[in-house]
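So this one's coords.tsv, TSV, C-alpha atoms and all ligand atoms:
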chain	number	residue	atom	x	y	z
A	1	MET	CA	-14.91	9.40	22.60
A	2	LYS	CA	-15.29	12.04	19.87
A	3	LYS	CA	-14.93	10.53	16.41
A	4	ILE	CA	-12.11	11.62	14.11
A	5	ASN	CA	-13.51	13.17	10.91
A	6	ALA	CA	-11.95	11.73	7.77
A	7	GLY	CA	-12.08	13.00	4.19
A	8	LEU	CA	-11.38	10.85	1.17
A	9	VAL	CA	-10.42	12.21	-2.23
A	10	GLY	CA	-10.71	9.58	-4.96
A	11	ILE	CA	-13.80	7.86	-3.54
A	12	THR	CA	-14.68	6.25	-6.88
A	13	GLY	CA	-11.35	4.43	-7.30
A	14	TYR	CA	-10.61	0.93	-6.05
A	15	ALA	CA	-8.37	2.15	-3.24
A	16	GLY	CA	-10.98	4.75	-2.22
A	17	MET	CA	-13.75	2.16	-2.33
A	18	GLU	CA	-11.76	-0.13	-0.03
A	19	LEU	CA	-11.17	2.70	2.42
A	20	ALA	CA	-14.88	3.58	2.43
A	21	ARG	CA	-15.56	-0.07	3.33
A	22	LEU	CA	-13.06	0.03	6.20
A	23	LEU	CA	-14.21	3.41	7.53
A	24	ALA	CA	-17.83	2.23	7.70
A	25	GLY	CA	-16.74	-0.21	10.43
A	26	HIS	CA	-14.23	1.99	12.21
A	27	PRO	CA	-15.04	2.50	15.90
A	28	HIS	CA	-13.35	5.93	16.25
A	29	MET	CA	-13.30	7.47	12.76
A	30	ARG	CA	-16.06	8.48	10.38
A	31	LEU	CA	-16.20	9.56	6.76
A	32	SER	CA	-17.23	13.22	6.68
A	33	MET	CA	-16.17	14.15	3.13
A	34	ALA	CA	-15.92	12.07	-0.06
A	35	CYS	CA	-14.59	13.58	-3.30
A	36	SER	CA	-14.72	12.74	-6.98
A	37	ARG	CA	-15.04	14.99	-10.00
A	38	ALA	CA	-17.11	12.56	-12.08
A	39	GLU	CA	-19.65	11.55	-9.42
A	40	ALA	CA	-20.08	14.81	-7.49
A	41	GLY	CA	-23.64	15.35	-6.27
A	42	LYS	CA	-24.46	11.69	-5.60
A	43	ARG	CA	-25.15	10.40	-2.11
A	44	LEU	CA	-22.52	7.83	-1.16
A	45	GLY	CA	-25.08	5.13	-0.34
A	46	GLN	CA	-26.56	5.66	-3.80
A	47	PHE	CA	-23.18	5.36	-5.50
A	48	TYR	CA	-22.02	2.41	-3.36
A	49	PRO	CA	-25.05	0.24	-2.49
A	50	PHE	CA	-22.86	-1.86	-0.18
A	51	LEU	CA	-22.62	1.20	2.10
A	52	GLU	CA	-26.36	1.98	2.23
A	53	SER	CA	-27.62	2.66	5.78
A	54	LEU	CA	-24.08	2.38	7.17
A	55	PRO	CA	-22.05	5.26	8.63
A	56	GLY	CA	-20.96	7.56	5.79
A	57	SER	CA	-23.78	6.60	3.41
A	58	ASP	CA	-25.42	10.05	3.69
A	59	VAL	CA	-22.28	11.94	2.71
A	60	VAL	CA	-22.80	13.67	-0.64
A	61	ILE	CA	-19.86	13.27	-3.03
A	62	SER	CA	-18.23	16.63	-3.79
A	63	VAL	CA	-15.42	18.11	-5.84
A	64	PHE	CA	-12.32	18.56	-3.69
A	65	ASP	CA	-12.08	22.00	-2.09
A	66	PRO	CA	-9.30	22.46	0.48
A	67	LYS	CA	-11.27	25.07	2.46
A	68	GLU	CA	-14.25	22.75	2.78
A	69	ALA	CA	-11.87	19.92	3.68
A	70	ALA	CA	-10.37	22.03	6.47
A	71	ARG	CA	-13.87	22.76	7.78
A	72	LEU	CA	-15.02	19.14	7.75
A	73	CYS	CA	-11.94	16.98	8.35
A	74	ASP	CA	-9.18	16.19	10.82
A	75	VAL	CA	-7.43	13.93	8.34
A	76	VAL	CA	-7.74	13.55	4.57
A	77	PHE	CA	-6.83	10.48	2.50
A	78	LEU	CA	-5.67	11.25	-1.03
A	79	ALA	CA	-6.48	8.15	-3.12
A	80	VAL	CA	-5.69	9.89	-6.41
A	81	PRO	CA	-3.06	9.31	-9.11
A	82	ALA	CA	0.57	10.32	-8.76
A	83	GLY	CA	1.12	13.96	-9.64
A	84	THR	CA	-2.35	15.05	-8.50
A	85	ALA	CA	-1.84	14.55	-4.76
A	86	MET	CA	1.13	16.84	-4.09
A	87	ASP	CA	-0.67	20.20	-4.39
A	88	MET	CA	-3.72	18.90	-2.54
A	89	ALA	CA	-1.41	17.79	0.28
A	90	TYR	CA	0.20	21.22	0.40
A	91	ASP	CA	-3.15	23.02	0.69
A	92	LEU	CA	-4.39	20.64	3.38
A	93	LEU	CA	-1.23	20.86	5.47
A	94	GLN	CA	-1.36	24.66	5.24
A	95	ALA	CA	-4.87	24.47	6.66
A	96	GLY	CA	-3.74	22.25	9.53
A	97	VAL	CA	-5.26	19.01	8.20
A	98	LYS	CA	-3.35	15.74	8.44
A	99	VAL	CA	-2.74	13.93	5.14
A	100	VAL	CA	-2.31	10.30	4.10
A	101	ASP	CA	-1.28	10.17	0.45
A	102	PHE	CA	-1.86	6.89	-1.40
A	103	SER	CA	0.12	8.02	-4.43
A	104	ALA	CA	3.87	7.99	-4.96
A	105	ASP	CA	4.21	11.77	-4.65
A	106	PHE	CA	6.00	11.68	-1.30
A	107	ARG	CA	7.34	8.11	-1.21
A	108	LEU	CA	10.71	8.74	-2.82
A	109	ARG	CA	12.97	10.76	-0.55
A	110	ASP	CA	14.87	12.13	-3.55
A	111	SER	CA	12.74	14.28	-5.86
A	112	ALA	CA	15.13	13.70	-8.79
A	113	THR	CA	14.45	9.95	-8.56
A	114	TYR	CA	10.70	10.67	-8.53
A	115	GLU	CA	10.98	12.89	-11.59
A	116	GLU	CA	13.12	10.32	-13.42
A	117	TRP	CA	10.77	7.38	-12.83
A	118	TYR	CA	7.39	9.15	-12.88
A	119	LYS	CA	8.16	11.77	-15.53
A	120	ILE	CA	6.36	14.33	-13.36
A	121	ASP	CA	7.86	17.54	-11.99
A	122	HIS	CA	7.83	17.55	-8.20
A	123	LYS	CA	6.21	20.82	-7.20
A	124	GLN	CA	6.23	20.28	-3.44
A	125	GLN	CA	9.78	19.20	-2.74
A	126	ALA	CA	9.85	21.26	0.46
A	127	LEU	CA	7.35	18.82	1.99
A	128	LEU	CA	9.49	15.73	1.39
A	129	PRO	CA	11.50	15.91	4.65
A	130	GLN	CA	8.33	15.77	6.74
A	131	ALA	CA	6.78	12.88	4.80
A	132	VAL	CA	6.97	9.54	6.61
A	133	TYR	CA	7.06	6.36	4.53
A	134	GLY	CA	4.10	4.66	6.12
A	135	LEU	CA	5.06	1.04	6.51
A	136	PRO	CA	3.96	0.67	10.14
A	137	GLU	CA	6.30	-2.21	10.91
A	138	LEU	CA	9.26	0.07	10.13
A	139	TYR	CA	8.09	3.59	10.86
A	140	ALA	CA	5.15	3.53	13.30
A	141	GLN	CA	6.84	5.89	15.75
A	142	ASP	CA	7.62	8.43	13.02
A	143	ALA	CA	4.08	8.11	11.67
A	144	ALA	CA	2.68	9.04	15.07
A	145	ARG	CA	4.65	12.32	14.99
A	146	THR	CA	4.00	13.59	11.46
A	147	SER	CA	1.12	15.20	9.58
A	148	LEU	CA	2.07	13.76	6.18
A	149	ILE	CA	2.17	10.06	5.39
A	150	ALA	CA	3.47	8.68	2.11
A	151	ASN	CA	1.49	5.47	2.03
A	152	PRO	CA	3.67	2.72	0.50
A	153	GLY	CA	2.97	1.10	-2.84
A	154	CYS	CA	1.31	-2.30	-2.92
A	155	TYR	CA	4.19	-4.29	-4.43
A	156	PRO	CA	6.79	-2.53	-2.26
A	157	SER	CA	4.81	-3.40	0.88
A	158	SER	CA	4.95	-7.10	0.06
A	159	VAL	CA	8.62	-7.05	-0.96
A	160	ILE	CA	10.00	-4.92	1.89
A	161	LEU	CA	8.15	-6.95	4.53
A	162	GLY	CA	9.31	-10.16	2.83
A	163	LEU	CA	12.97	-9.13	2.81
A	164	TYR	CA	13.10	-7.34	6.16
A	165	ALA	CA	14.33	-10.21	8.38
A	166	ALA	CA	16.87	-11.40	5.79
A	167	LEU	CA	18.34	-7.90	5.50
A	168	LYS	CA	18.28	-7.14	9.20
A	169	HIS	CA	20.18	-10.34	10.00
A	170	ARG	CA	22.42	-10.15	6.90
A	171	LEU	CA	21.33	-13.58	5.69
A	172	ILE	CA	21.56	-12.86	1.97
A	173	LEU	CA	23.90	-11.53	-0.71
A	174	LEU	CA	22.80	-8.04	-1.74
A	175	ASP	CA	23.85	-8.25	-5.39
A	176	ASP	CA	21.51	-11.09	-6.37
A	177	ILE	CA	17.90	-10.30	-5.45
A	178	VAL	CA	15.18	-10.97	-8.02
A	179	VAL	CA	11.54	-10.18	-7.27
A	180	ASP	CA	8.97	-12.03	-9.34
A	181	ALA	CA	5.62	-10.50	-8.33
A	182	LYS	CA	2.03	-11.12	-9.41
A	183	SER	CA	-0.94	-8.86	-8.83
A	184	GLY	CA	-4.68	-9.00	-9.35
A	185	THR	CA	-6.08	-6.47	-11.80
A	186	SER	CA	-7.52	-4.06	-9.20
A	187	GLY	CA	-3.88	-3.00	-8.77
A	188	ALA	CA	-4.22	-1.15	-12.06
A	189	GLY	CA	-7.05	1.03	-10.76
A	190	ARG	CA	-10.68	1.40	-11.83
A	191	LYS	CA	-10.36	3.78	-14.73
A	192	ALA	CA	-11.39	2.23	-18.05
A	193	SER	CA	-8.44	1.11	-20.17
A	194	VAL	CA	-8.08	-1.52	-22.87
A	195	PRO	CA	-5.31	-3.59	-21.18
A	196	THR	CA	-7.53	-4.22	-18.15
A	197	LEU	CA	-10.74	-5.14	-20.01
A	198	PHE	CA	-12.13	-8.58	-19.11
A	199	CYS	CA	-11.09	-10.21	-22.39
A	200	GLU	CA	-7.58	-8.78	-22.09
A	201	VAL	CA	-6.90	-10.12	-18.58
A	202	SER	CA	-8.99	-13.25	-18.15
A	203	ASP	CA	-7.58	-16.61	-19.21
A	204	THR	CA	-4.10	-15.18	-19.82
A	205	PHE	CA	-0.98	-14.34	-17.83
A	206	ARG	CA	1.53	-11.64	-18.65
A	207	ALA	CA	4.42	-9.62	-17.33
A	208	TYR	CA	4.39	-5.84	-17.64
A	209	GLY	CA	6.57	-2.83	-16.91
A	210	LEU	CA	9.86	-4.75	-17.25
A	211	PRO	CA	12.55	-3.69	-16.42
A	212	ARG	CA	11.49	-0.23	-15.23
A	213	HIS	CA	8.30	-0.56	-13.23
A	214	ARG	CA	7.84	2.56	-11.09
A	215	HIS	CA	7.88	0.62	-7.85
A	216	THR	CA	11.52	-0.39	-8.41
A	217	PRO	CA	13.14	2.76	-6.92
A	218	GLU	CA	10.75	2.68	-3.97
A	219	ILE	CA	11.70	-0.90	-3.15
A	220	GLU	CA	15.39	-0.15	-3.64
A	221	GLN	CA	15.17	2.94	-1.43
A	222	GLU	CA	13.80	1.06	1.57
A	223	VAL	CA	15.84	-2.11	1.01
A	224	SER	CA	19.01	0.00	0.82
A	225	LEU	CA	18.14	1.74	4.08
A	226	LEU	CA	17.60	-1.61	5.77
A	227	ALA	CA	20.81	-3.05	4.30
A	228	GLY	CA	22.84	0.05	5.16
A	229	GLN	CA	24.22	0.26	1.62
A	230	PRO	CA	22.86	0.84	-1.88
A	231	VAL	CA	21.03	-2.19	-3.25
A	232	CYS	CA	20.08	-2.67	-6.90
A	233	LEU	CA	17.56	-5.44	-7.56
A	234	SER	CA	15.38	-6.84	-10.33
A	235	PHE	CA	11.64	-6.27	-9.96
A	236	ASN	CA	9.42	-8.12	-12.42
A	237	PRO	CA	5.65	-7.67	-11.99
A	238	HIS	CA	2.92	-9.76	-13.62
A	239	LEU	CA	-0.83	-9.41	-13.98
A	240	VAL	CA	-2.92	-12.42	-13.04
A	241	PRO	CA	-6.63	-12.92	-13.76
A	242	MET	CA	-7.94	-12.35	-10.26
A	243	ASN	CA	-9.53	-9.27	-8.72
A	244	ARG	CA	-7.16	-8.64	-5.87
A	245	GLY	CA	-4.06	-9.90	-4.10
A	246	ILE	CA	-0.29	-9.86	-4.58
A	247	LEU	CA	2.13	-12.76	-4.35
A	248	SER	CA	5.80	-11.76	-4.50
A	249	THR	CA	8.30	-14.56	-4.97
A	250	ILE	CA	11.71	-13.17	-3.99
A	251	TYR	CA	14.76	-15.11	-5.12
A	252	THR	CA	17.90	-14.47	-3.06
A	253	ARG	CA	21.20	-16.23	-2.39
A	254	LEU	CA	22.22	-17.11	1.15
A	255	ALA	CA	25.41	-15.46	2.39
A	256	ASN	CA	26.10	-18.79	4.09
A	257	PRO	CA	24.91	-21.51	1.66
A	258	ALA	CA	25.09	-24.07	4.44
A	259	MET	CA	22.21	-22.45	6.36
A	260	THR	CA	19.22	-24.74	6.79
A	261	LEU	CA	15.55	-23.93	6.41
A	262	GLU	CA	15.14	-24.50	10.12
A	263	GLU	CA	17.79	-21.87	10.95
A	264	VAL	CA	16.35	-19.30	8.53
A	265	HIS	CA	12.84	-20.01	9.73
A	266	ASP	CA	13.86	-19.50	13.37
A	267	ILE	CA	15.35	-16.08	12.53
A	268	PHE	CA	12.28	-14.93	10.56
A	269	SER	CA	9.91	-16.21	13.26
A	270	HIS	CA	11.85	-14.51	16.02
A	271	THR	CA	12.06	-11.23	14.08
A	272	TRP	CA	8.30	-11.08	13.59
A	273	LYS	CA	7.17	-12.76	16.82
A	274	ASP	CA	5.46	-9.61	18.16
A	275	SER	CA	3.95	-8.50	14.85
A	276	GLN	CA	0.17	-8.30	14.61
A	277	TRP	CA	0.07	-8.61	10.87
A	278	VAL	CA	3.21	-10.32	9.56
A	279	ARG	CA	2.79	-14.08	9.80
A	280	ILE	CA	5.69	-16.46	9.21
A	281	LEU	CA	4.09	-19.66	8.01
A	282	PRO	CA	5.23	-23.02	9.36
A	283	GLN	CA	8.16	-24.68	7.59
A	284	GLY	CA	7.01	-26.18	4.31
A	285	ALA	CA	3.87	-24.01	4.07
A	286	LEU	CA	3.58	-21.45	1.27
A	287	PRO	CA	1.33	-18.36	1.30
A	288	GLU	CA	-1.78	-17.82	-0.82
A	289	THR	CA	-3.52	-14.57	-1.66
A	290	ARG	CA	-6.94	-15.91	-0.62
A	291	PHE	CA	-5.82	-16.27	3.02
A	292	VAL	CA	-4.98	-12.55	3.27
A	293	ARG	CA	-7.81	-11.24	1.12
A	294	GLY	CA	-9.21	-7.92	2.36
A	295	SER	CA	-6.99	-8.03	5.45
A	296	MET	CA	-3.84	-6.45	6.83
A	297	PHE	CA	-1.94	-9.73	7.01
A	298	CYS	CA	1.30	-10.32	5.18
A	299	ASP	CA	1.91	-14.06	5.01
A	300	ILE	CA	5.49	-15.14	4.43
A	301	GLY	CA	6.68	-18.59	3.38
A	302	LEU	CA	10.32	-19.68	3.14
A	303	VAL	CA	12.15	-22.11	0.86
A	304	VAL	CA	15.83	-23.03	1.27
A	305	ASP	CA	17.35	-25.00	-1.59
A	306	PRO	CA	20.72	-26.51	-0.56
A	307	ARG	CA	21.44	-27.41	-4.21
A	308	THR	CA	21.47	-23.77	-5.37
A	309	GLY	CA	22.17	-21.99	-2.09
A	310	ARG	CA	19.02	-19.97	-2.63
A	311	LEU	CA	16.62	-18.62	-0.08
A	312	THR	CA	13.28	-17.98	-1.78
A	313	ILE	CA	10.89	-15.79	0.19
A	314	LEU	CA	7.20	-15.77	-0.74
A	315	SER	CA	5.13	-12.86	0.52
A	316	ALA	CA	1.36	-12.55	0.06
A	317	ILE	CA	-0.72	-9.45	0.78
A	318	ASP	CA	-4.01	-7.95	-0.33
A	319	ASN	CA	-3.15	-5.03	-2.62
A	320	LEU	CA	-6.20	-2.96	-1.71
A	321	CYS	CA	-6.20	-3.46	2.07
A	322	ARG	CA	-2.62	-4.03	3.26
A	323	GLY	CA	-1.22	-2.55	0.05
A	324	ALA	CA	-3.36	0.61	0.11
A	325	ALA	CA	-6.45	1.48	2.20
A	326	GLY	CA	-5.83	-0.67	5.28
A	327	GLN	CA	-2.26	0.52	5.58
A	328	ALA	CA	-3.44	4.11	5.08
A	329	LEU	CA	-5.94	3.64	7.88
A	330	ALA	CA	-3.27	2.17	10.18
A	331	ASN	CA	-1.18	5.27	9.50
A	332	ALA	CA	-4.09	7.62	10.13
A	333	ASN	CA	-4.79	5.79	13.39
A	334	LEU	CA	-1.18	6.37	14.44
A	335	MET	CA	-1.27	10.06	13.42
A	336	CYS	CA	-4.52	10.60	15.32
A	337	GLY	CA	-3.39	8.86	18.51
A	338	LEU	CA	-5.65	5.83	18.06
A	339	PRO	CA	-4.56	2.18	18.42
A	340	MET	CA	-2.88	1.23	15.13
A	341	GLN	CA	-5.21	-1.71	14.53
A	342	SER	CA	-8.50	0.21	15.06
A	343	GLY	CA	-11.00	-0.82	12.39
A	344	LEU	CA	-8.56	-3.33	10.92
A	345	GLU	CA	-9.11	-6.48	12.90
A	346	HIS	CA	-11.05	-8.54	10.38
A	347	LEU	CA	-9.95	-11.78	8.74
A	348	ALA	CA	-10.09	-12.80	5.10
A	349	PRO	CA	-13.42	-14.13	3.82
A	350	LEU	CA	-12.75	-17.55	2.27
A	351	ALA	CA	-14.46	-19.32	-0.60
B	1	LIG	N1	-5.23	-0.04	-6.75
B	1	LIG	C1	-4.28	-0.43	-5.92
B	1	LIG	O1	-4.09	-1.64	-5.64
B	1	LIG	C2	-3.38	0.59	-5.25
B	1	LIG	C3	-2.47	0.14	-4.29
B	1	LIG	C4	-1.62	1.05	-3.67
B	1	LIG	C5	-1.67	2.39	-4.02
B	1	LIG	N2	-2.54	2.79	-4.99
B	1	LIG	C6	-2.53	4.22	-5.33
B	1	LIG	O2	-3.74	4.80	-4.88
B	1	LIG	C7	-4.14	5.85	-5.76
B	1	LIG	C8	-5.54	5.52	-6.29
B	1	LIG	O3	-5.46	4.29	-6.96
B	1	LIG	P1	-6.74	3.54	-7.53
B	1	LIG	O4	-6.28	2.21	-7.96
B	1	LIG	O5	-7.88	3.64	-6.56
B	1	LIG	O6	-7.04	4.45	-8.81
B	1	LIG	P2	-8.38	4.59	-9.65
B	1	LIG	O7	-9.22	3.39	-9.40
B	1	LIG	O8	-7.99	4.92	-11.02
B	1	LIG	O9	-9.09	5.87	-8.97
B	1	LIG	C9	-8.53	7.14	-9.02
B	1	LIG	C10	-9.41	8.11	-8.23
B	1	LIG	O10	-8.80	9.40	-8.27
B	1	LIG	C11	-9.72	10.35	-8.81
B	1	LIG	N3	-8.94	11.22	-9.70
B	1	LIG	C12	-8.31	10.86	-10.84
B	1	LIG	N4	-7.65	11.91	-11.37
B	1	LIG	C13	-7.87	12.95	-10.52
B	1	LIG	C14	-7.48	14.32	-10.52
B	1	LIG	N5	-6.70	14.81	-11.50
B	1	LIG	N6	-7.90	15.10	-9.52
B	1	LIG	C15	-8.68	14.61	-8.55
B	1	LIG	N7	-9.09	13.32	-8.47
B	1	LIG	C16	-8.69	12.51	-9.47
B	1	LIG	C17	-10.79	9.56	-9.56
B	1	LIG	O11	-12.06	10.18	-9.46
B	1	LIG	P3	-12.56	11.32	-10.44
B	1	LIG	O12	-11.87	11.08	-11.76
B	1	LIG	O13	-14.04	11.16	-10.51
B	1	LIG	O14	-12.17	12.61	-9.80
B	1	LIG	C18	-10.81	8.24	-8.77
B	1	LIG	O15	-11.71	8.33	-7.70
B	1	LIG	C19	-3.07	5.90	-6.87
B	1	LIG	O16	-2.10	6.85	-6.58
B	1	LIG	C20	-2.47	4.50	-6.83
B	1	LIG	O17	-1.15	4.44	-7.31
B	1	LIG	C21	-3.41	1.93	-5.59

Show me, as structure tokens, the structure contained in the file I just sent.
Ligand SMILES: NC(=O)c1ccc[n+]([C@@H]2O[C@H](COP(=O)([O-])OP(=O)(O)OC[C@H]3O[C@@H](n4cnc5c(N)ncnc54)[C@H](OP(=O)(O)O)[C@@H]3O)[C@@H](O)[C@H]2O)c1
Amino acid sequence: MKKINAGLVGITGYAGMELARLLAGHPHMRLSMACSRAEAGKRLGQFYPFLESLPGSDVVISVFDPKEAARLCDVVFLAVPAGTAMDMAYDLLQAGVKVVDFSADFRLRDSATYEEWYKIDHKQQALLPQAVYGLPELYAQDAARTSLIANPGCYPSSVILGLYAALKHRLILLDDIVVDAKSGTSGAGRKASVPTLFCEVSDTFRAYGLPRHRHTPEIEQEVSLLAGQPVCLSFNPHLVPMNRGILSTIYTRLANPAMTLEEVHDIFSHTWKDSQWVRILPQGALPETRFVRGSMFCDIGLVVDPRTGRLTILSAIDNLCRGAAGQALANANLMCGLPMQSGLEHLAPLA
């Protein structure tokens, strides 16, 4: 079988690094172009010693050029900051190249909402209708038919998957959802900045971005679509001193406060029984980031408190794999007609 040629813009970032790791083991896709402005000219195996002698290690890092991308690639991953991906996507699509965008440029269906929350003018609004929000559990069929994927944000992936069964089966009140999420520091990217220096993040624990973190409208958009009505919720992210992983603790109130954990658990388990990657943990078990590290799994634990009538949903994912590169690869697989799980079947390394 001929291999699909993949390009990756933003190879030096954390999300790009994770995708390079995944592509090196992909049975049907190979890295044929890797772009960065700062590291152009270096051989990939030289820049990333962990890739040396593996597929892709001989690719020489280059500055992004859409014409060269069209010559070399069937699909291009844009692992670059919001605001920089939209024009690249336009040029690539014009040249007939499929695009998976890691940034938020095409995630929000309403460009005014994007401009309000990101403070960036949307210059490619005409592309928004063809962009598919690439959460495979919700939109795999659409992903297989498009050329432009808006790869979901890391926090939104954990929250939307966590809430999906409760919304679908109308288990919870929609006016009282509070998301208390924690992320490892790779979620902030690899660029040097004082707030993510070792001494600023180790041995401390802090919230950030309250109450207007940019992932809020993305979560609300998808939760509202699932609920069939507008939903406004509280999203409160925190930074924890670990490299990677997200744990979202989602506080909700049961529509029927008499529901038992067993009943809720049955509904969640049934909803996700055919899912490859969403795992409903046994009653009483709570998820941990280390058990999903570097994988596509989303582990969900459930707590029902009869005293308060609350259903608390805990959702753990790996921000770089499920929350970025792995999900992007699943989407590219779908767009290219490959099995969704190609190159994504590994488990978390423990210890
Ligand atoms: N980190 C995560 O957990 C995560 C999760 C989900 C989604 N994302 C999204 O994925 C994207 C990349 O995130 P990251 O964490 O990997 O960021 P990062 O570590 O800061 O890396 C950003 C990459 O983009 C390149 N870049 C920056 N500005 C650019 C520009 N103006 N033109 C071209 N290339 C540019 C950088 O290389 P050069 O400066 O050398 O060109 C670098 O390779 C972002 O949109 C982010 O929101 C990240």

Spatial sel., origin (-2.2, 7.7, 14.3), limit 12 Å, all atoms listed in the file, listed as number ranges by chain:
A: 4, 28-29, 74-75, 98-100, 134, 136, 139-149, 327-342

What does the list of residues within 9 Å of ligand LIG 1 (chain B) look like if you count all atoms listed in the file, written as an MDAnalysis selection string?
chainID A and resid 9:18 35:40 63:64 78:85 88 101:105 151:155 183:192 244:245 318:325

Which residue of A:Pro55, A:Gly301, A:Gly7, A:Pro282 approaches Leu314 of chain A most closely, using only C-alpha atoms:
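With only C-alpha atoms as the atom set, the closest residue is A:Gly301.
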
Atom CA of Leu135 of chain A to atom CA of Ala150 of chain A: how many Å, to one decimal?
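So the answer is 9.0 Å.
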
Mind listing whatever residues come within 10 Å of the point (-24.2, 13.5, -2.0)? Use all atoms listed in the file, file coordinates, and give them as a list in words.
Met33, Ala34, Cys35, Glu39, Ala40, Gly41, Lys42, Arg43, Leu44, Gly45, Gln46, Phe47, Ser57, Asp58, Val59, Val60, Ile61 and Ser62 of chain A

Please report, as a tab-separated table, each residue of segment 97-190 of chain A lying at most 10 Å from segment 219-236 of chain A, together with the nearest pair of atoms and the separation in Å rounded to one decimal; use only C-alpha atoms, and order rows by chain and ascending residue number.
residue	atom	partner	partner_atom	distance
A:Arg107	CA	A:Gln221	CA	9.4
A:Leu108	CA	A:Gln221	CA	7.4
A:Arg109	CA	A:Gln221	CA	8.2
A:Asp110	CA	A:Gln221	CA	9.4
A:Tyr133	CA	A:Glu222	CA	9.1
A:Leu138	CA	A:Leu226	CA	9.6
A:Pro152	CA	A:Ile219	CA	9.5
A:Gly153	CA	A:Ile219	CA	9.0
A:Tyr155	CA	A:Ile219	CA	8.3
A:Pro156	CA	A:Ile219	CA	5.2
A:Ser157	CA	A:Ile219	CA	8.4
A:Ser158	CA	A:Ile219	CA	9.7
A:Val159	CA	A:Ile219	CA	7.2
A:Ile160	CA	A:Val223	CA	6.5
A:Leu161	CA	A:Val223	CA	9.7
A:Leu163	CA	A:Val223	CA	7.8
A:Tyr164	CA	A:Leu226	CA	7.3
A:Ala165	CA	A:Leu226	CA	9.6
A:Ala166	CA	A:Ala227	CA	9.4
A:Leu167	CA	A:Ala227	CA	5.6
A:Lys168	CA	A:Leu226	CA	6.5
A:His169	CA	A:Ala227	CA	9.3
A:Arg170	CA	A:Ala227	CA	7.7
A:Leu174	CA	A:Val231	CA	6.3
A:Asp175	CA	A:Cys232	CA	6.9
A:Asp176	CA	A:Leu233	CA	7.0
A:Ile177	CA	A:Leu233	CA	5.3
A:Val178	CA	A:Ser234	CA	4.7
A:Val179	CA	A:Phe235	CA	4.7
A:Asp180	CA	A:Asn236	CA	5.0
A:Ala181	CA	A:Asn236	CA	6.1
A:Lys182	CA	A:Asn236	CA	8.5

Which of A:Pro237, A:Gly294, A:Gly25, A:Gly284 sits closest to Thr312 of chain A [using all atoms listed in the file]
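Of the candidates, the smallest distance to Thr312 of chain A is held by A:Gly284.
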
Would you mind reading off the distance between atom CA of Arg212 of chain A and atom CA of Glu288 of chain A, one decimal, in Å?
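Here the two named atoms are 26.3 Å from each other.
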
Atom CA of His238 of chain A and atom CA of Leu302 of chain A, how far apart in Å?
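If I compute the distance from atom CA of Leu302 of chain A to atom CA of His238 of chain A, I get 20.8 Å.
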
Smallest atom-to-atom distance to Val201 of chain A: which of A:Ala20, A:Leu128, A:Met259, A:Val240, using all atoms listed in the file?
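Between A:Ala20, A:Leu128, A:Met259, A:Val240, the residue approaching Val201 of chain A most closely is A:Val240.
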
Closest of A:Leu261, A:Met242, A:Leu92, A:Val194 to Ala70 of chain A - atom-to-atom distances counting all atoms listed in the file:
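Of A:Leu261, A:Met242, A:Leu92, A:Val194, the one nearest Ala70 of chain A is A:Leu92, counting all atoms listed in the file.
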
Restricting the calculation to all atoms listed in the file, which member of A:Val264, A:Leu19, A:Ala351, A:Leu286 is positioned closest to Leu311 of chain A?
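Closest to Leu311 of chain A of all the choices is A:Val264.
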
File output, segment 75-83 of chain A (N, CA and C atoms) as a compact mmCIF listing (two decimals), in the first residue's frame:
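This went into part22.txt:
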# COMPACT_ATOMS: atom_id res chain seq x y z
N VAL A 75 -1.38 15.47 2.91
CA VAL A 75 -2.06 16.09 4.04
C VAL A 75 -1.03 16.88 4.84
N VAL A 76 -1.43 18.04 5.35
CA VAL A 76 -0.52 18.85 6.17
C VAL A 76 -1.17 19.15 7.51
N PHE A 77 -0.39 18.93 8.58
CA PHE A 77 -0.82 19.26 9.94
C PHE A 77 -0.25 20.63 10.29
N LEU A 78 -1.13 21.51 10.76
CA LEU A 78 -0.69 22.85 11.15
C LEU A 78 -0.67 22.92 12.68
N ALA A 79 0.50 22.68 13.27
CA ALA A 79 0.64 22.72 14.74
C ALA A 79 1.26 24.05 15.12
N VAL A 80 0.58 25.12 14.75
CA VAL A 80 1.07 26.49 14.95
C VAL A 80 0.03 27.28 15.76
N PRO A 81 0.42 28.45 16.28
CA PRO A 81 -0.52 29.20 17.12
C PRO A 81 -1.75 29.71 16.37
N ALA A 82 -2.80 29.96 17.14
CA ALA A 82 -4.01 30.55 16.57
C ALA A 82 -3.66 31.84 15.85
N GLY A 83 -4.32 32.05 14.72
CA GLY A 83 -4.08 33.26 13.93
C GLY A 83 -3.07 33.05 12.83
